[in-house]
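Source file target-v1.txt; content: compact mmCIF, C-alpha atoms.
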```txt
# COMPACT_ATOMS: atom_id res chain seq x y z
CA MET A 1 100.39 73.37 102.41
CA LEU A 2 98.65 75.93 100.19
CA LEU A 3 98.27 78.29 103.13
CA LEU A 4 102.04 78.22 103.60
CA LEU A 5 102.68 78.84 99.91
CA VAL A 6 100.47 81.88 99.48
CA PRO A 7 102.85 84.59 100.83
CA SER A 8 105.58 83.61 98.35
CA LEU A 9 103.16 83.06 95.48
CA VAL A 10 101.25 86.34 95.50
CA ALA A 11 102.25 89.99 95.36
CA CYS A 12 99.52 92.62 95.58
CA GLY A 13 99.76 96.12 94.16
CA ASP A 14 98.33 98.57 96.68
CA GLY A 15 99.86 101.87 95.63
CA GLY A 16 101.78 102.07 98.91
CA ASP A 17 105.43 102.84 99.66
CA ALA A 18 106.83 99.43 98.71
CA ALA A 19 109.49 99.49 95.99
CA GLU A 20 107.99 99.06 92.53
CA PRO A 21 109.15 96.08 90.42
CA GLU A 22 111.48 96.77 87.51
CA THR A 23 109.62 98.29 84.56
CA VAL A 24 110.26 97.78 80.86
CA GLU A 25 108.89 98.96 77.52
CA ARG A 26 106.24 96.59 76.20
CA ALA A 27 104.84 96.13 72.67
CA PRO A 28 103.50 93.26 70.54
CA ASP A 29 106.79 93.06 68.61
CA ILE A 30 109.07 93.28 71.67
CA PRO A 31 109.93 89.85 73.17
CA VAL A 32 109.47 89.43 76.91
CA VAL A 33 112.76 88.43 78.53
CA ILE A 34 112.87 86.74 81.93
CA GLU A 35 116.38 86.90 83.34
CA PRO A 36 117.98 83.83 84.97
CA ASP A 37 116.47 82.83 88.34
CA VAL A 38 113.70 85.44 87.98
CA PRO A 39 110.12 84.14 88.34
CA ILE A 40 107.57 84.10 85.56
CA VAL A 41 104.71 86.31 86.76
CA LEU A 42 101.04 85.87 85.92
CA GLY A 43 99.07 89.06 86.48
CA VAL A 44 95.60 89.12 88.03
CA SER A 45 93.18 92.04 87.66
CA ALA A 46 90.32 91.78 90.17
CA PRO A 47 88.47 93.94 92.73
CA ILE A 48 90.17 93.26 96.07
CA THR A 49 88.54 96.16 97.91
CA GLY A 50 85.20 97.92 97.60
CA PRO A 51 81.64 96.64 97.13
CA ASP A 52 82.64 93.81 94.76
CA ALA A 53 85.62 92.58 96.77
CA VAL A 54 84.00 89.38 98.09
CA ALA A 55 83.65 87.95 94.60
CA GLY A 56 86.92 89.50 93.44
CA VAL A 57 88.94 87.93 96.24
CA GLU A 58 87.48 84.54 95.38
CA ASP A 59 88.40 85.07 91.73
CA ARG A 60 91.94 85.87 92.84
CA ASP A 61 91.99 82.75 94.98
CA ALA A 62 90.79 80.72 92.00
CA VAL A 63 93.92 81.80 90.12
CA ILE A 64 96.15 80.85 93.04
CA VAL A 65 94.52 77.44 93.33
CA ALA A 66 94.77 76.91 89.57
CA VAL A 67 98.47 77.77 89.56
CA GLU A 68 99.16 75.25 92.30
CA ARG A 69 97.10 72.59 90.54
CA TRP A 70 98.98 73.25 87.29
CA LYS A 71 102.33 72.97 89.07
CA GLU A 72 101.29 69.70 90.65
CA ALA A 73 100.41 68.30 87.21
CA ASN A 74 103.27 69.82 85.19
CA GLY A 75 106.10 70.60 87.57
CA ALA A 76 106.82 73.44 89.95
CA GLN A 77 108.78 75.49 87.41
CA ILE A 78 108.84 76.37 83.72
CA HIS A 79 112.38 75.84 82.40
CA GLY A 80 113.78 76.34 85.88
CA HIS A 81 111.81 79.50 86.64
CA ASP A 82 109.29 79.77 89.47
CA ILE A 83 105.72 80.86 88.77
CA GLU A 84 104.29 83.74 90.79
CA VAL A 85 101.05 85.73 90.78
CA ALA A 86 100.88 89.54 90.87
CA VAL A 87 97.48 90.95 91.87
CA GLU A 88 96.24 94.43 91.07
CA ASP A 89 93.01 95.77 92.56
CA ASP A 90 90.97 96.79 89.50
CA GLY A 91 87.86 98.39 91.02
CA CYS A 92 85.44 96.24 89.00
CA THR A 93 83.06 98.83 87.49
CA GLU A 94 85.37 101.78 88.24
CA ALA A 95 86.98 101.93 84.82
CA ASP A 96 89.73 104.38 85.76
CA ILE A 97 90.96 102.01 88.47
CA THR A 98 90.87 99.07 86.06
CA ALA A 99 92.91 101.05 83.55
CA GLU A 100 95.45 101.96 86.21
CA ALA A 101 95.71 98.29 87.23
CA ALA A 102 96.39 97.45 83.58
CA ARG A 103 99.11 100.10 83.34
CA ARG A 104 100.79 98.78 86.48
CA LEU A 105 100.76 95.19 85.27
CA ALA A 106 101.88 96.15 81.75
CA SER A 107 104.83 98.09 83.13
CA ARG A 108 106.25 95.08 84.97
CA ALA A 109 109.05 93.34 83.12
CA THR A 110 108.18 89.83 84.27
CA VAL A 111 104.38 89.84 83.81
CA VAL A 112 103.84 87.60 80.79
CA ALA A 113 100.00 87.43 80.75
CA VAL A 114 96.97 88.51 82.76
CA VAL A 115 93.89 86.76 84.12
CA GLY A 116 91.24 89.46 83.88
CA PRO A 117 90.05 92.15 83.84
CA ASN A 118 87.23 91.15 86.15
CA CYS A 119 84.22 93.31 85.24
CA SER A 120 82.77 94.51 81.96
CA ALA A 121 82.85 98.27 82.58
CA GLY A 122 86.51 98.28 83.52
CA THR A 123 87.57 95.81 80.84
CA ALA A 124 86.69 98.15 77.99
CA ASP A 125 89.15 100.76 79.32
CA ALA A 126 91.91 98.27 80.09
CA LEU A 127 92.00 96.38 76.78
CA PRO A 128 93.76 99.13 74.76
CA ILE A 129 96.53 99.18 77.37
CA TYR A 130 97.08 95.43 77.20
CA ALA A 131 96.84 95.43 73.39
CA GLU A 132 99.44 98.19 73.05
CA ALA A 133 101.75 96.26 75.37
CA GLY A 134 101.16 92.96 73.56
CA ILE A 135 99.90 91.30 76.73
CA THR A 136 97.46 88.43 76.32
CA SER A 137 94.62 88.60 78.82
CA VAL A 138 91.94 86.00 79.48
CA SER A 139 88.94 87.06 81.55
CA GLY A 140 86.87 84.51 83.38
CA SER A 141 84.13 86.99 84.28
CA SER A 142 83.80 89.96 81.88
CA THR A 143 80.61 89.24 79.97
CA ARG A 144 79.61 92.38 78.04
CA SER A 145 78.74 91.12 74.60
CA ASP A 146 80.92 93.36 72.43
CA LEU A 147 84.15 93.29 74.44
CA THR A 148 85.72 90.74 72.10
CA THR A 149 84.29 91.94 68.80
CA SER A 150 85.23 95.58 69.48
CA GLN A 151 88.62 94.93 71.09
CA PRO A 152 91.67 96.79 69.74
CA PRO A 153 93.53 95.35 66.73
CA GLY A 154 95.77 92.44 67.57
CA GLY A 155 93.24 90.20 69.28
CA PHE A 156 95.06 89.84 72.61
CA PHE A 157 91.84 89.47 74.65
CA PHE A 158 89.98 86.20 75.29
CA ARG A 159 87.40 85.05 77.79
CA THR A 160 86.35 81.77 79.33
CA ALA A 161 83.17 83.48 80.54
CA TYR A 162 80.01 83.44 78.44
CA ARG A 163 78.70 86.61 76.79
CA ASN A 164 75.79 88.73 78.02
CA ASP A 165 73.80 88.09 74.88
CA LEU A 166 73.92 84.38 75.68
CA GLU A 167 72.97 84.97 79.29
CA GLY A 168 70.16 87.24 78.10
CA ALA A 169 68.99 84.51 75.74
CA LEU A 170 68.93 82.03 78.63
CA ILE A 171 66.92 84.49 80.75
CA GLY A 172 64.55 85.24 77.89
CA LEU A 173 63.94 81.58 77.15
CA PHE A 174 63.47 80.74 80.81
CA VAL A 175 60.98 83.54 81.38
CA SER A 176 58.98 82.87 78.23
CA LEU A 177 59.09 79.07 78.12
CA ASP A 178 59.66 77.70 81.63
CA LEU A 179 57.71 80.42 83.44
CA GLY A 180 55.22 81.22 80.66
CA ALA A 181 55.22 84.92 81.56
CA ARG A 182 53.21 87.42 79.54
CA LEU A 183 54.46 90.61 81.25
CA ALA A 184 57.94 91.14 82.71
CA TYR A 185 59.75 94.09 84.24
CA ILE A 186 63.47 94.33 83.42
CA ILE A 187 65.47 96.68 85.62
CA ASP A 188 69.12 97.59 84.99
CA ASP A 189 71.59 99.55 87.09
CA THR A 190 72.84 101.82 84.22
CA GLU A 191 76.24 100.08 84.25
CA SER A 192 77.41 98.67 80.90
CA TYR A 193 77.05 95.11 82.17
CA GLY A 194 73.48 95.59 83.37
CA GLN A 195 72.26 97.48 80.33
CA ASP A 196 73.80 95.00 77.91
CA LEU A 197 72.30 92.04 79.75
CA ALA A 198 68.89 93.71 80.00
CA ASN A 199 68.87 94.51 76.28
CA SER A 200 69.71 90.91 75.39
CA ALA A 201 67.05 89.45 77.69
CA GLN A 202 64.42 91.90 76.44
CA GLN A 203 65.10 90.99 72.81
CA ILE A 204 64.50 87.27 73.39
CA MET A 205 61.46 87.83 75.61
CA GLU A 206 59.77 90.06 73.06
CA ARG A 207 60.71 87.63 70.30
CA ASN A 208 58.79 84.99 72.27
CA GLY A 209 55.75 87.17 72.86
CA VAL A 210 56.48 88.54 76.34
CA GLU A 211 55.58 92.20 76.95
CA VAL A 212 58.54 93.93 78.58
CA ALA A 213 58.65 97.12 80.69
CA ARG A 214 62.16 98.58 81.05
CA VAL A 215 63.37 100.65 84.02
CA SER A 216 66.85 101.90 84.99
CA ILE A 217 68.12 102.74 88.47
CA GLU A 218 71.42 104.22 89.58
CA ARG A 219 73.91 102.01 91.32
CA GLY A 220 73.92 102.97 94.99
CA THR A 221 70.13 103.39 95.18
CA VAL A 222 68.70 102.16 98.47
CA ASP A 223 65.09 103.41 98.38
CA PHE A 224 62.99 101.67 95.72
CA ARG A 225 59.54 102.59 97.04
CA GLU A 226 58.43 104.50 93.94
CA LEU A 227 59.59 101.75 91.60
CA VAL A 228 58.05 99.06 93.80
CA GLN A 229 54.67 100.80 93.69
CA THR A 230 54.83 100.98 89.90
CA VAL A 231 55.58 97.26 89.74
CA LEU A 232 52.70 96.46 92.08
CA ASP A 233 50.31 98.54 89.99
CA ASP A 234 51.24 96.68 86.79
CA ALA A 235 51.43 93.24 88.48
CA PRO A 236 54.00 91.61 86.16
CA ALA A 237 54.60 87.87 86.41
CA VAL A 238 58.36 88.41 86.57
CA VAL A 239 60.76 91.11 87.75
CA GLY A 240 64.32 90.73 86.50
CA PHE A 241 67.18 92.81 87.90
CA MET A 242 70.37 93.17 85.84
CA GLY A 243 72.99 94.52 88.18
CA PHE A 244 74.97 93.92 91.35
CA ASN A 245 74.37 93.58 95.05
CA PRO A 246 73.45 95.24 97.34
CA GLU A 247 70.91 96.80 94.96
CA ALA A 248 69.54 93.40 93.88
CA ALA A 249 68.89 92.26 97.45
CA LEU A 250 67.48 95.63 98.53
CA LEU A 251 65.07 95.75 95.60
CA TYR A 252 63.99 92.18 96.22
CA ARG A 253 63.29 92.77 99.92
CA GLN A 254 61.28 95.90 99.23
CA LEU A 255 59.25 94.13 96.54
CA ARG A 256 58.38 91.26 98.85
CA ASP A 257 57.70 93.54 101.81
CA ALA A 258 55.25 95.50 99.66
CA GLY A 259 53.37 92.35 98.67
CA PHE A 260 54.82 91.42 95.28
CA GLU A 261 54.06 87.73 94.71
CA GLY A 262 55.55 87.20 91.26
CA VAL A 263 58.88 85.66 90.30
CA PHE A 264 62.10 87.56 90.94
CA GLY A 265 65.27 86.85 89.01
CA ALA A 266 68.68 88.41 88.43
CA GLY A 267 71.91 87.91 86.52
CA ASP A 268 75.23 86.44 87.59
CA ALA A 269 76.48 89.64 89.27
CA ALA A 270 73.81 89.23 91.97
CA ALA A 271 74.22 85.47 92.42
CA THR A 272 76.42 85.80 95.51
CA PRO A 273 76.03 84.92 99.20
CA ASP A 274 75.45 88.63 99.85
CA PHE A 275 72.02 88.29 98.26
CA ILE A 276 71.01 85.43 100.55
CA SER A 277 72.41 87.03 103.69
CA ALA A 278 70.71 90.37 102.95
CA ALA A 279 67.37 88.91 101.91
CA GLY A 280 67.23 86.29 104.66
CA LYS A 281 64.48 83.68 104.61
CA ILE A 282 62.57 85.41 101.83
CA ALA A 283 65.48 84.70 99.47
CA GLU A 284 63.93 81.26 98.99
CA GLY A 285 62.80 80.76 95.41
CA ALA A 286 64.71 83.65 93.83
CA LEU A 287 66.12 82.75 90.42
CA PHE A 288 69.44 83.65 88.81
CA ALA A 289 71.17 83.13 85.47
CA GLY A 290 74.91 82.56 85.29
CA CYS A 291 75.59 80.70 88.53
CA LEU A 292 78.56 78.98 90.12
CA LEU A 293 79.06 75.70 88.30
CA THR A 294 79.24 72.41 90.17
CA LEU A 295 82.91 71.99 91.10
CA SER A 296 84.82 68.74 91.51
CA ASP A 297 85.45 67.52 95.04
CA ASP A 298 89.23 67.86 94.64
CA LEU A 299 88.93 71.47 93.44
CA VAL A 300 86.75 72.34 96.41
CA ALA A 301 89.26 70.64 98.70
CA ASP A 302 92.06 72.77 97.28
CA PHE A 303 90.06 75.92 98.04
CA VAL A 304 89.51 74.77 101.60
CA ALA A 305 93.23 74.08 101.93
CA LEU A 306 94.05 77.58 100.68
CA ARG A 307 91.67 79.67 102.76
CA GLY A 308 89.69 77.44 105.09
CA ASP A 309 86.33 77.54 103.32
CA PRO A 310 84.90 76.37 99.99
CA PRO A 311 84.13 78.63 97.02
CA GLY A 312 80.71 80.22 96.72
CA ALA A 313 81.20 83.99 96.61
CA SER A 314 81.75 84.25 92.84
CA ALA A 315 79.71 82.86 89.96
CA PHE A 316 82.90 82.51 87.89
CA THR A 317 85.25 80.40 90.01
CA ALA A 318 85.41 77.58 87.46
CA GLN A 319 85.96 79.97 84.55
CA GLN A 320 88.85 81.68 86.39
CA VAL A 321 90.50 78.32 87.01
CA ASP A 322 90.26 77.45 83.31
CA ALA A 323 91.56 80.87 82.24
CA THR A 324 94.63 80.36 84.41
CA THR A 325 95.24 76.84 83.14
CA ILE A 326 94.97 77.92 79.50
CA LEU A 327 97.50 80.70 80.01
CA LEU A 328 100.02 78.51 81.84
CA ASP A 329 99.74 75.79 79.19
CA ALA A 330 100.34 78.37 76.47
CA ILE A 331 103.27 79.98 78.28
CA ALA A 332 104.95 76.61 78.77
CA GLU A 333 104.39 75.82 75.08
CA VAL A 334 105.89 78.96 73.53
CA VAL A 335 108.53 80.21 75.98
CA GLU A 336 112.11 79.50 74.89
CA GLU A 337 115.10 78.95 77.13
CA ARG A 338 118.39 80.62 76.23
CA PRO A 339 121.87 79.24 77.02
CA ASP A 340 122.32 81.60 79.98
CA GLY A 341 119.15 80.30 81.65
CA SER A 342 117.01 83.30 80.72
CA LEU A 343 113.68 82.91 78.94
CA VAL A 344 112.27 84.70 75.94
CA LEU A 345 108.60 84.86 74.98
CA GLU A 346 107.14 86.34 71.80
CA PRO A 347 103.85 88.12 72.64
CA ARG A 348 102.12 87.14 69.41
CA ALA A 349 103.18 83.52 69.79
CA LEU A 350 101.53 83.41 73.21
CA ARG A 351 98.37 85.00 71.82
CA ASP A 352 98.23 82.46 69.00
CA ALA A 353 98.77 79.55 71.38
CA VAL A 354 95.87 80.71 73.53
CA ARG A 355 93.63 81.15 70.48
CA ALA A 356 94.40 77.58 69.41
CA ALA A 357 93.84 76.22 72.90
CA GLY A 358 90.94 73.99 73.74
CA VAL A 359 89.83 72.71 77.11
CA ARG A 360 88.52 69.21 77.61
CA GLU A 361 86.76 68.52 80.89
CA GLY A 362 88.03 71.67 82.50
CA ALA A 363 86.60 73.13 85.70
CA SER A 364 83.89 74.87 83.65
CA GLY A 365 83.49 72.18 80.99
CA SER A 366 84.85 71.61 77.50
CA PHE A 367 85.22 74.48 75.03
CA GLY A 368 87.39 76.36 72.56
CA PHE A 369 87.79 79.96 71.35
CA ASP A 370 86.45 81.49 68.16
CA ALA A 371 88.27 84.05 66.01
CA ASN A 372 87.04 86.88 68.24
CA GLY A 373 88.33 85.28 71.45
CA ASP A 374 84.90 84.19 72.68
CA ARG A 375 84.19 80.87 74.31
CA VAL A 376 82.41 78.43 71.98
CA PRO A 377 81.29 74.80 72.39
CA PRO A 378 83.97 72.13 71.84
CA ASP A 379 82.57 71.35 68.39
CA GLY A 380 83.24 74.96 67.38
CA ALA A 381 79.60 75.85 66.74
CA PRO A 382 79.24 79.64 66.27
CA LEU A 383 77.45 81.38 69.12
CA PRO A 384 74.46 82.53 67.04
CA GLU A 385 73.85 78.88 66.11
CA VAL A 386 73.82 77.94 69.80
CA VAL A 387 71.11 80.51 70.52
CA ASP A 388 69.09 79.59 67.41
CA ALA A 389 69.24 75.90 68.34
CA ALA A 390 68.06 76.67 71.87
CA LEU A 391 65.19 78.78 70.54
CA ALA A 392 64.18 76.07 68.06
CA SER A 393 64.39 73.23 70.56
CA GLN A 394 63.16 75.27 73.54
CA ASP A 395 65.94 73.55 75.50
CA VAL A 396 68.12 75.75 77.74
CA SER A 397 70.53 72.86 78.38
CA ALA A 398 72.30 73.95 75.18
CA PHE A 399 74.05 76.62 77.29
CA VAL A 400 75.78 74.19 79.65
CA ASP A 401 78.80 73.79 77.34
CA LEU A 402 79.25 77.55 77.59
CA GLY A 403 79.49 77.37 81.38
CA LEU A 404 76.09 79.03 81.71
CA VAL A 405 73.40 77.64 83.99
CA PRO A 406 70.37 79.02 85.88
CA CYS A 407 70.01 78.47 89.62
CA GLN A 408 67.52 79.03 92.41
CA VAL A 409 67.82 79.70 96.13
CA GLN A 410 66.68 76.53 97.86
CA ASP A 411 67.13 75.84 101.58
CA GLY A 412 69.36 78.88 101.93
CA ARG A 413 71.80 78.10 99.11
CA PHE A 414 72.11 78.32 95.34
CA VAL A 415 71.05 75.16 93.52
CA ASN A 416 71.67 74.74 89.79
CA LEU A 417 68.63 73.88 87.68
CA ILE A 418 70.46 72.32 84.70
CA GLY A 419 73.78 70.58 84.22
CA PRO A 420 75.71 68.37 86.68
CA GLY A 421 74.18 68.24 90.15
CA ALA A 422 70.96 69.92 88.95
CA ARG A 423 67.77 69.94 91.01
CA PRO A 424 64.19 70.63 89.93
CA MET A 425 62.90 74.19 90.21
CA ARG A 426 60.55 74.81 93.14
```

I need this file expressed as structure tokens, please.
Amino acid sequence: MLLLLVPSLVACGDGGDAAEPETVERAPDIPVVIEPDVPIVLGVSAPITGPDAVAGVEDRDAVIVAVERWKEANGAQIHGHDIEVAVEDDGCTEADITAEAARRLASRATVVAVVGPNCSAGTADALPIYAEAGITSVSGSSTRSDLTTSQPPGGFFFRTAYRNDLEGALIGLFVSLDLGARLAYIIDDTESYGQDLANSAQQIMERNGVEVARVSIERGTVDFRELVQTVLDDAPAVVGFMGFNPEAALLYRQLRDAGFEGVFGAGDAAATPDFISAAGKIAEGALFAGCLLTLSDDLVADFVALRGDPPGASAFTAQQVDATTILLDAIAEVVEERPDGSLVLEPRALRDAVRAAGVREGASGSFGFDANGDRVPPDGAPLPEVVDAALASQDVSAFVDLGLVPCQVQDGRFVNLIGPGARPMR
């Protein structure tokens, strides 16, 4: 059934010759009006083409699945209006493309909220556009630490994803406590995501007595021979790569081919099937932080019904589902029906409803939002307290409520090491 619904549910912006939807002026103090019999549109900003498209398409599909699940639980319409999804290809780390996707979504009269942007580098450029338009956006995957705290005035941005400083803390604790490393190499890809994550991991490692060597490479690098030789000469216990594929897989292969026998780990951006397919059998044992959470059987079944295969290409599938659900709940709560059958929605009312939202037993767990728009545990504990408690207890399970778990490649697939369905590290 989902396969049959997709064409009517989704519209993709491709910059082609198709007629553009009606545009309207947007601002935080201008109500959004949905005319009678016109669908409510939820925007999606994700990379649909390019090197990050595999994960981006799955994130888009997570929104589609979440919309259908919400409709099944709450009814197919909101006050007699259908719900549709409009997808804009946002280029992931190509900030100019993300900004253009934001402008296109913000110009559409019927887009009431946005799931996204998808990647940290692009998000920073898109947020001023959404804020000026008064559009609430919830990202399930943008993790750069300061995106919420430095967002434009108005506070229209939220995220169900964890922050890089939390992921870095998990990496730092894991390297220093679980692996007992004394020397680690941290390599970033010069993108804002990679540098932020590397800085956070380095801080915790050094705080716990690990000596850290930092190196940066350019995204698109394919020949790592010089770097590999430097690593071999220093013989660190751990090499951590903070960036995307294919660079993560290429670096890993060249390290192993050159004889590196230490531990290799990477962040969530590299925890995709592309890493396993590119590295082959030697992928066994590689470690990652920020992995796909264990999904319920019924959620997996809905993915299979939509596209024929289960999720696994994105580390943030569960967070995207929860972002979508939060937005639809908030829209249904604040939208008002007028006598003529049209709907009116106050942008600030939607923002406030999202800020007050909490999720209990969602796809990515239970959580709420703090004043900045960041995901916090359901008890509302501030994020610094979560990190301090983990450091004091030396227990990385404290991060599970934030949707953040480490995983390892075992038997050709990613296996989570903490949380539901966890397996021991090999």

When you look at A:Gly373 with a cut-off of 7 Å (counting all atoms listed in the file), what residues show up, excluding the ones that are within fewer than 5 positions of it in the same chain? I need them as an MDAnalysis selection string. chainID A and resid 148 157:159 355

Best match for closeness to A:Asn245 among A:Phe367, A:Ile129, A:Ala53, A:Met205, counting only C-alpha atoms: A:Ala53

Distance of atom CA of A:Met425 from atom CA of A:Ala201, expressed in Å to one decimal place: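 Computing the Euclidean distance for atom CA of A:Ala201 and atom CA of A:Met425 yields 20.2 Å.
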
Between atom CA of A:Gly50 and atom CA of A:Ala95, distance in Å (one decimal):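 Going from atom CA of A:Gly50 over to atom CA of A:Ala95, I get 13.5 Å.
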
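Here atom CA of A:Gly80 is placed at a distance of 21.1 Å from atom CA of A:Ala353.
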
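Between A:Val33 and the residues A:Val112, A:Ile217, A:Ile78, A:Leu105, the shortest atom-to-atom distance, using only C-alpha atoms, involves A:Val112.
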
Write out, as a Markdown table, each residue of stretch 145-240 of chain A that has an atom at most 7 Å from stretch 246-250 of chain A, together with the closest pair of atoms and their distance in Å to one decimal, counting all atoms listed in the file, rows going by chain and rising number.
```
| residue | atom | partner | partner_atom | distance |
| --- | --- | --- | --- | --- |
| A:Gly220 | CA | A:Glu247 | CA | 6.9 |
| A:Thr221 | CA | A:Glu247 | CA | 6.6 |
| A:Val222 | CA | A:Leu250 | CA | 6.6 |
```

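Excluding A:Gly243 itself and same-chain residues fewer than 5 positions from it, the residues having an atom within 7 Å of it are Asp188, Asp189, Gly194, Ala248, Gly267, Ala269 and Ala270 of chain A, counting all atoms listed in the file.
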
Excluding A:Val115 and any residue of its chain fewer than 4 positions from it, enumerate the residues within 12 Å of it, using only C-alpha atoms, and give them as a PyMOL selection string. chain A and resi 41-46+56+59-64+66-67+85-88+90+102+105+111+119+123+130+135-142+156-161+319-328

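If only C-alpha atoms are the atoms counted, then among A:Leu255, A:Ala184, A:Val215, A:Val32 the closest residue to A:Arg108 is A:Val32.
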
What are the closest atom pairs, with distances in Å to one decimal, for all residues of stretch 172-278 of chain A lying within 12 Å of stretch 402-419 of chain A? Consider only C-alpha atoms, order rows by chain and residue number, and present the result as a Markdown table.
```
| residue | atom | partner | partner_atom | distance |
| --- | --- | --- | --- | --- |
| A:Gly172 | CA | A:Pro406 | CA | 11.7 |
| A:Leu173 | CA | A:Pro406 | CA | 11.1 |
| A:Phe174 | CA | A:Pro406 | CA | 8.7 |
| A:Val175 | CA | A:Pro406 | CA | 11.4 |
| A:Asp178 | CA | A:Leu417 | CA | 11.5 |
| A:Val263 | CA | A:Gln408 | CA | 11.1 |
| A:Phe264 | CA | A:Gln408 | CA | 10.2 |
| A:Gly265 | CA | A:Gln408 | CA | 8.8 |
| A:Ala266 | CA | A:Pro406 | CA | 9.9 |
| A:Gly267 | CA | A:Pro406 | CA | 9.0 |
| A:Asp268 | CA | A:Pro406 | CA | 9.0 |
| A:Ala270 | CA | A:Phe414 | CA | 11.5 |
| A:Ala271 | CA | A:Phe414 | CA | 8.0 |
| A:Thr272 | CA | A:Phe414 | CA | 8.6 |
| A:Pro273 | CA | A:Arg413 | CA | 8.0 |
| A:Asp274 | CA | A:Arg413 | CA | 11.2 |
| A:Phe275 | CA | A:Val409 | CA | 9.8 |
| A:Ile276 | CA | A:Gly412 | CA | 6.9 |
| A:Ser277 | CA | A:Gly412 | CA | 8.9 |
| A:Ala278 | CA | A:Gly412 | CA | 11.6 |
```

Output C-alpha atoms for every residue in that selection, as a JSON list (two decimals), keeping the file's coordinate frame.
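File part25.json, as written:
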```
[["chain", "number", "residue", "atom", "x", "y", "z"],
["A", 172, "GLY", "CA", 64.55, 85.24, 77.89],
["A", 173, "LEU", "CA", 63.94, 81.58, 77.15],
["A", 174, "PHE", "CA", 63.47, 80.74, 80.81],
["A", 175, "VAL", "CA", 60.98, 83.54, 81.38],
["A", 178, "ASP", "CA", 59.66, 77.70, 81.63],
["A", 263, "VAL", "CA", 58.88, 85.66, 90.30],
["A", 264, "PHE", "CA", 62.10, 87.56, 90.94],
["A", 265, "GLY", "CA", 65.27, 86.85, 89.01],
["A", 266, "ALA", "CA", 68.68, 88.41, 88.43],
["A", 267, "GLY", "CA", 71.91, 87.91, 86.52],
["A", 268, "ASP", "CA", 75.23, 86.44, 87.59],
["A", 270, "ALA", "CA", 73.81, 89.23, 91.97],
["A", 271, "ALA", "CA", 74.22, 85.47, 92.42],
["A", 272, "THR", "CA", 76.42, 85.80, 95.51],
["A", 273, "PRO", "CA", 76.03, 84.92, 99.20],
["A", 274, "ASP", "CA", 75.45, 88.63, 99.85],
["A", 275, "PHE", "CA", 72.02, 88.29, 98.26],
["A", 276, "ILE", "CA", 71.01, 85.43, 100.55],
["A", 277, "SER", "CA", 72.41, 87.03, 103.69],
["A", 278, "ALA", "CA", 70.71, 90.37, 102.95]]
```

Could you tell me which of A:Lys71, A:Arg225, A:Arg348, A:Arg219 comes closest to A:Phe241 if we count only C-alpha atoms?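 Ranking A:Lys71, A:Arg225, A:Arg348, A:Arg219 by distance to A:Phe241, first place goes to A:Arg219.
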